[in-house]
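Peer 1: File follows, entry_22.cif with mmCIF, C-alpha atoms:
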```
data_protein
#
loop_
_atom_site.group_PDB
_atom_site.id
_atom_site.type_symbol
_atom_site.label_atom_id
_atom_site.label_comp_id
_atom_site.auth_asym_id
_atom_site.auth_seq_id
_atom_site.Cartn_x
_atom_site.Cartn_y
_atom_site.Cartn_z
ATOM 1 C CA ILE A 29 -19.943 12.719 -1.823
ATOM 2 C CA GLY A 30 -17.953 9.693 -2.834
ATOM 3 C CA THR A 31 -18.819 7.309 -5.644
ATOM 4 C CA LEU A 32 -15.245 6.426 -6.578
ATOM 5 C CA PRO A 33 -14.753 2.862 -7.851
ATOM 6 C CA ALA A 34 -13.211 0.467 -5.345
ATOM 7 C CA THR A 35 -10.295 -0.139 -7.724
ATOM 8 C CA ALA A 36 -8.781 3.097 -6.389
ATOM 9 C CA ALA A 37 -7.503 1.171 -3.371
ATOM 10 C CA THR A 38 -6.315 -2.103 -4.868
ATOM 11 C CA SER A 39 -2.536 -1.599 -4.955
ATOM 12 C CA THR A 40 -0.321 -1.946 -1.895
ATOM 13 C CA HIS A 41 2.295 0.464 -3.231
ATOM 14 C CA GLY A 42 0.346 2.207 -5.993
ATOM 15 C CA VAL A 43 -1.202 5.569 -6.641
ATOM 16 C CA PHE A 44 -4.498 6.372 -8.316
ATOM 17 C CA SER A 45 -5.252 9.822 -9.700
ATOM 18 C CA VAL A 46 -8.115 11.427 -11.555
ATOM 19 C CA LYS A 47 -8.388 14.845 -13.202
ATOM 20 C CA CYS A 48 -11.775 16.554 -13.086
ATOM 21 C CA GLU A 49 -12.496 19.729 -15.042
ATOM 22 C CA PHE A 50 -14.532 22.596 -13.603
ATOM 23 C CA SER A 51 -18.257 21.852 -13.835
ATOM 24 C CA HIS A 52 -20.274 24.688 -12.316
ATOM 25 C CA ARG A 53 -20.515 27.271 -9.550
ATOM 26 C CA ALA A 54 -23.356 27.542 -7.012
ATOM 27 C CA PRO A 55 -24.078 28.626 -3.403
ATOM 28 C CA ASP A 56 -24.879 25.021 -2.462
ATOM 29 C CA ASP A 57 -23.356 22.376 -0.183
ATOM 30 C CA PRO A 58 -25.111 18.974 -0.248
ATOM 31 C CA ILE A 59 -23.152 17.787 2.808
ATOM 32 C CA VAL A 60 -23.377 20.787 5.153
ATOM 33 C CA HIS A 61 -26.744 22.143 3.936
ATOM 34 C CA PRO A 62 -28.541 19.228 2.243
ATOM 35 C CA GLY A 63 -31.813 20.174 0.596
ATOM 36 C CA HIS A 64 -31.328 23.919 1.146
ATOM 37 C CA ALA A 65 -30.427 25.508 -2.164
ATOM 38 C CA GLY A 66 -28.571 28.798 -1.923
ATOM 39 C CA MET A 67 -27.818 28.503 1.813
ATOM 40 C CA ALA A 68 -24.049 27.994 1.479
ATOM 41 C CA HIS A 69 -21.379 30.399 0.319
ATOM 42 C CA SER A 70 -20.314 30.023 -3.296
ATOM 43 C CA HIS A 71 -18.549 26.798 -4.249
ATOM 44 C CA ASP A 72 -16.778 25.666 -7.403
ATOM 45 C CA PHE A 73 -17.828 22.123 -8.315
ATOM 46 C CA PHE A 74 -15.800 19.523 -10.182
ATOM 47 C CA GLY A 75 -16.565 16.014 -11.332
ATOM 48 C CA ASN A 76 -20.249 15.191 -11.055
ATOM 49 C CA ARG A 77 -22.204 17.608 -13.264
ATOM 50 C CA SER A 78 -25.454 17.219 -11.317
ATOM 51 C CA THR A 79 -24.198 18.255 -7.870
ATOM 52 C CA ASN A 80 -26.540 20.613 -6.043
ATOM 53 C CA ALA A 81 -28.020 21.032 -2.591
ATOM 54 C CA SER A 82 -30.372 18.083 -3.104
ATOM 55 C CA SER A 83 -27.837 15.597 -4.492
ATOM 56 C CA THR A 84 -27.964 12.014 -3.235
ATOM 57 C CA TYR A 85 -25.850 8.971 -3.919
ATOM 58 C CA GLU A 86 -28.631 7.561 -6.082
ATOM 59 C CA SER A 87 -28.908 10.707 -8.211
ATOM 60 C CA MET A 88 -25.164 11.091 -8.637
ATOM 61 C CA VAL A 89 -24.292 7.582 -9.822
ATOM 62 C CA GLN A 90 -26.582 8.196 -12.801
ATOM 63 C CA ALA A 91 -25.130 11.590 -13.728
ATOM 64 C CA ARG A 92 -22.370 12.608 -16.099
ATOM 65 C CA THR A 93 -18.934 13.670 -14.913
ATOM 66 C CA THR A 94 -16.164 16.055 -15.965
ATOM 67 C CA CYS A 95 -13.541 13.596 -14.699
ATOM 68 C CA ASP A 96 -11.192 11.787 -17.080
ATOM 69 C CA LEU A 97 -12.431 8.524 -15.585
ATOM 70 C CA ALA A 98 -16.050 8.210 -16.681
ATOM 71 C CA GLU A 99 -16.824 5.781 -13.832
ATOM 72 C CA ASP A 100 -15.860 8.396 -11.229
ATOM 73 C CA THR A 101 -19.071 10.267 -10.507
ATOM 74 C CA SER A 102 -17.769 11.648 -7.221
ATOM 75 C CA ALA A 103 -18.303 15.322 -6.486
ATOM 76 C CA TYR A 104 -15.446 17.555 -5.429
ATOM 77 C CA TRP A 105 -15.981 21.159 -4.398
ATOM 78 C CA VAL A 106 -14.063 24.051 -2.877
ATOM 79 C CA PRO A 107 -15.009 27.589 -1.828
ATOM 80 C CA THR A 108 -14.971 30.018 -4.735
ATOM 81 C CA LEU A 109 -11.816 32.152 -4.762
ATOM 82 C CA LEU A 110 -12.611 35.839 -5.232
ATOM 83 C CA SER A 111 -10.270 38.354 -6.834
ATOM 84 C CA PRO A 112 -9.563 41.710 -5.120
ATOM 85 C CA SER A 113 -12.397 43.180 -7.201
ATOM 86 C CA GLY A 114 -14.817 40.634 -5.771
ATOM 87 C CA SER A 115 -15.294 38.644 -8.981
ATOM 88 C CA PRO A 116 -14.743 34.854 -9.022
ATOM 89 C CA ALA A 117 -11.245 33.811 -10.022
ATOM 90 C CA PRO A 118 -11.171 31.477 -13.038
ATOM 91 C CA VAL A 119 -10.557 27.877 -12.054
ATOM 92 C CA LYS A 120 -9.427 25.046 -14.327
ATOM 93 C CA TRP A 121 -9.588 21.632 -12.699
ATOM 94 C CA VAL A 122 -9.091 19.472 -9.634
ATOM 95 C CA LEU A 123 -6.537 16.707 -9.629
ATOM 96 C CA ALA A 124 -7.298 14.118 -6.957
ATOM 97 C CA TYR A 125 -4.490 11.771 -5.905
ATOM 98 C CA TYR A 126 -5.233 8.639 -3.885
ATOM 99 C CA ARG A 127 -2.135 7.043 -2.331
ATOM 100 C CA ASN A 128 -1.325 4.202 -0.001
ATOM 101 C CA LEU A 129 0.580 6.059 2.720
ATOM 102 C CA PRO A 130 2.284 5.044 4.847
ATOM 103 C CA VAL A 131 3.002 1.838 2.982
ATOM 104 C CA SER A 132 4.262 0.220 6.200
ATOM 105 C CA GLU A 133 0.709 0.269 7.603
ATOM 106 C CA GLY A 134 -0.554 -2.147 4.958
ATOM 107 C CA ARG A 135 -3.279 -2.046 2.324
ATOM 108 C CA PRO A 136 -5.975 0.672 2.547
ATOM 109 C CA SER A 137 -9.691 -0.054 2.443
ATOM 110 C CA ALA A 138 -11.843 1.289 -0.365
ATOM 111 C CA PHE A 139 -14.190 4.132 0.474
ATOM 112 C CA PRO A 140 -17.688 2.786 1.159
ATOM 113 C CA GLU A 141 -20.603 3.838 -1.021
ATOM 114 C CA ASP A 142 -22.014 7.303 -0.274
ATOM 115 C CA PHE A 143 -19.015 8.151 1.897
ATOM 116 C CA ARG A 144 -18.887 11.820 2.873
ATOM 117 C CA MET A 145 -16.311 14.002 4.589
ATOM 118 C CA ILE A 146 -15.126 17.577 4.672
ATOM 119 C CA ALA A 147 -11.682 18.853 5.555
ATOM 120 C CA GLY A 148 -9.809 22.095 5.913
ATOM 121 C CA TYR A 149 -10.244 25.302 7.869
ATOM 122 C CA PRO A 150 -10.969 25.813 10.772
ATOM 123 C CA THR A 151 -9.906 22.304 11.838
ATOM 124 C CA VAL A 152 -6.696 22.721 9.872
ATOM 125 C CA GLN A 153 -5.170 26.174 9.529
ATOM 126 C CA THR A 154 -4.527 27.340 5.974
ATOM 127 C CA GLY A 155 -0.799 27.301 5.415
ATOM 128 C CA THR A 156 -0.225 24.029 7.288
ATOM 129 C CA ASP A 157 2.384 22.296 5.152
ATOM 130 C CA LYS A 158 1.386 18.879 3.800
ATOM 131 C CA LEU A 159 -2.252 19.446 4.817
ATOM 132 C CA LEU A 160 -3.735 22.704 3.503
ATOM 133 C CA GLY A 161 -2.438 25.725 1.655
ATOM 134 C CA TRP A 162 -1.535 27.558 -1.537
ATOM 135 C CA SER A 163 1.471 27.262 -3.839
ATOM 136 C CA CYS A 164 2.689 27.822 -7.378
ATOM 137 C CA ASN A 165 4.239 24.356 -7.740
ATOM 138 C CA ASP A 166 3.372 21.000 -6.213
ATOM 139 C CA SER A 167 6.750 20.790 -4.454
ATOM 140 C CA ASP A 168 6.550 24.262 -2.859
ATOM 141 C CA PRO A 169 5.710 24.714 0.845
ATOM 142 C CA TYR A 170 2.040 25.480 1.436
ATOM 143 C CA ARG A 171 1.233 29.124 2.169
ATOM 144 C CA ALA A 172 -1.630 30.732 4.075
ATOM 145 C CA THR A 173 -2.564 33.064 1.194
ATOM 146 C CA PRO A 174 -2.423 32.684 -2.598
ATOM 147 C CA PRO A 175 1.073 33.627 -3.861
ATOM 148 C CA ASP A 176 1.869 35.653 -6.966
ATOM 149 C CA CYS A 177 2.747 32.980 -9.511
ATOM 150 C CA GLY A 178 3.372 35.382 -12.398
ATOM 151 C CA ASP A 179 2.319 33.721 -15.648
ATOM 152 C CA GLY A 180 1.878 30.367 -13.890
ATOM 153 C CA ASN A 181 -1.077 28.805 -12.114
ATOM 154 C CA VAL A 182 -2.036 29.214 -8.471
ATOM 155 C CA LYS A 183 -2.765 25.900 -6.758
ATOM 156 C CA LEU A 184 -4.817 25.090 -3.672
ATOM 157 C CA HIS A 185 -3.846 21.838 -1.913
ATOM 158 C CA LEU A 186 -6.045 19.955 0.542
ATOM 159 C CA ILE A 187 -5.160 16.646 2.181
ATOM 160 C CA PHE A 188 -8.122 14.707 3.561
ATOM 161 C CA PRO A 189 -8.074 12.523 6.704
ATOM 162 C CA SER A 190 -7.123 8.932 5.911
ATOM 163 C CA CYS A 191 -8.316 7.060 9.020
ATOM 164 C CA TRP A 192 -11.967 5.998 9.448
ATOM 165 C CA ASP A 193 -13.949 4.719 12.415
ATOM 166 C CA GLY A 194 -15.093 1.808 10.224
ATOM 167 C CA VAL A 195 -18.772 2.352 11.006
ATOM 168 C CA ASN A 196 -20.189 5.701 9.894
ATOM 169 C CA ILE A 197 -20.205 7.018 6.328
ATOM 170 C CA ASP A 198 -20.847 10.488 7.775
ATOM 171 C CA SER A 199 -21.096 12.258 11.139
ATOM 172 C CA PRO A 200 -23.016 15.295 12.447
ATOM 173 C CA ASN A 201 -20.067 17.620 11.824
ATOM 174 C CA HIS A 202 -18.936 15.601 8.758
ATOM 175 C CA ARG A 203 -15.460 15.295 10.289
ATOM 176 C CA SER A 204 -15.467 13.191 13.464
ATOM 177 C CA HIS A 205 -15.928 9.830 11.695
ATOM 178 C CA VAL A 206 -12.486 10.343 10.143
ATOM 179 C CA SER A 207 -9.102 11.312 11.527
ATOM 180 C CA TYR A 208 -5.626 12.182 10.381
ATOM 181 C CA PRO A 209 -2.937 9.599 11.235
ATOM 182 C CA VAL A 210 -1.212 9.911 14.585
ATOM 183 C CA GLY A 211 2.449 8.969 14.850
ATOM 184 C CA GLY A 212 2.421 7.518 11.359
ATOM 185 C CA GLY A 213 -0.561 5.216 11.892
ATOM 186 C CA CYS A 214 -4.299 5.284 12.463
ATOM 187 C CA PRO A 215 -5.465 5.867 16.066
ATOM 188 C CA THR A 216 -7.473 3.180 17.849
ATOM 189 C CA THR A 217 -10.597 5.362 17.588
ATOM 190 C CA HIS A 218 -10.305 5.335 13.787
ATOM 191 C CA PRO A 219 -8.533 2.065 12.976
ATOM 192 C CA VAL A 220 -9.479 1.629 9.312
ATOM 193 C CA LYS A 221 -6.891 2.942 6.886
ATOM 194 C CA LEU A 222 -8.250 4.773 3.832
ATOM 195 C CA PRO A 223 -6.351 5.988 0.766
ATOM 196 C CA VAL A 224 -4.666 9.320 1.411
ATOM 197 C CA CYS A 225 -6.526 11.799 -0.807
ATOM 198 C CA ARG A 226 -4.818 14.995 -1.891
ATOM 199 C CA CYS A 227 -6.920 17.353 -3.982
ATOM 200 C CA THR A 228 -5.115 20.078 -5.906
ATOM 201 C CA SER A 229 -7.296 22.778 -7.429
ATOM 202 C CA THR A 230 -5.595 24.706 -10.227
ATOM 203 C CA MET A 231 -6.578 28.285 -11.002
ATOM 204 C CA ALA A 232 -5.528 30.457 -13.925
#
```
Could you show the structure in this file as structure tokens?
Peer 2:
Amino acid sequence: IGTLPATAATSTHGVFSVKCEFSHRAPDDPIVHPGHAGMAHSHDFFGNRSTNASSTYESMVQARTTCDLAEDTSAYWVPTLLSPSGSPAPVKWVLAYYRNLPVSEGRPSAFPEDFRMIAGYPTVQTGTDKLLGWSCNDSDPYRATPPDCGDGNVKLHLIFPSCWDGVNIDSPNHRSHVSYPVGGGCPTTHPVKLPVCRCTSTMA
């Protein structure tokens, strides 16, 4: 659920990033299962400390955040990674990058208030380079399964769609109001360019 300040999309060539520490873990999903606590599989939540199944835009803009930028009360969440023993793997933070890509397509529009979207599997297969996957380093190709990073950190990367239909802040499947670029630009069905958001979740 997005409450990111509009200043995230003010630079033609710039990049905006925010680091959000782990907040809490719960079997909730306020986008897919709003108002139904415990209905979702376990998620790790970052950013907004109040996020639960009943979260709304109004409740979240008043809450505290784990993000470095105090004004960013957005909520970020990913499925909980389980170890081979079945226990949750420790997770550190999410680093969210917002970029103007491709620059040749002009300035992006800021996300509207209460904007919602989900991305990832099964629409995008895990291990799709530049869209979804695991790695040890940011520059490594994305893999379908978490690699052995030795003493380093395992990272999950997720790139969100960056083209919007310009009308709906959400859709029944929480995906169809947005689209990935086609041929380097936004398709006519989703003509509004948004910042490209890459979320990297770092686990110990």
Peer 1: Taking 4 positions as the minimum chain separation for residues in the same chain, which residues sit within 8 Å of A:Leu186 when counting all atoms listed in the file? Answer as a list in words.
Peer 2: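 After dropping sequence-adjacent residues, the list is Ala147, Gly148, Leu159, Leu160, Gly161, Arg226, Cys227 and Thr228 of chain A.
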Peer 1: May I ask for the distance between atom CA of A:Leu109 and atom CA of A:Cys95, given in Å to one decimal place?
Peer 2: 21.1 Å
Peer 1: Do you have the atom CA of A:Ser229-atom CA of A:Pro169 distance handy?
Peer 2: 15.5 Å
Peer 1: With all atoms listed in the file as the counted atoms, please give the residues lying no more than 9 Å from stretch 142-146 of chain A, apart from itself and same-chain residues fewer than 6 positions off, as a PyMOL selection string.
Peer 2: chain A and resi 29-31+59-60+84-86+188-189+196-199+201-206
Peer 1: Please provide as an NGL selection string all residues within 12 Å of A:Asp168, with the sequence filter that same-chain residues fewer than 6 positions apart are discarded (counting only C-alpha atoms).
Peer 2: :A and (155 or 157-158 or 161-162 or 175 or 177 or 182-185)
Peer 1: List the residues matched by the PyMOL selection byres ((chain A and resi 41-50) around 10) in the displayed structure as a PyMOL selection string, ordered by chain and then by residue number.
Peer 2: chain A and resi 35-40+51-53+72-77+93-98+100-105+118-132+134-135+223-230
Peer 1: Written as a count of residues only, which residues does the PyMOL selection byres ((chain A and resi 192) around 8) give for the file shown?
Peer 2: 13
Peer 1: Take atom CA of A:His61 and atom CA of A:Ser111 and report the distance between them in Å, one decimal.
Peer 2: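 Computing it gives 25.5 Å between the two atoms.
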Peer 1: With only C-alpha atoms as the atoms that count, which of A:Asp176, A:His64, A:Asp56, A:Tyr208 lies nearest to A:Thr79?
Peer 2: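 Result for the nearest residue to A:Thr79: A:Asp56.
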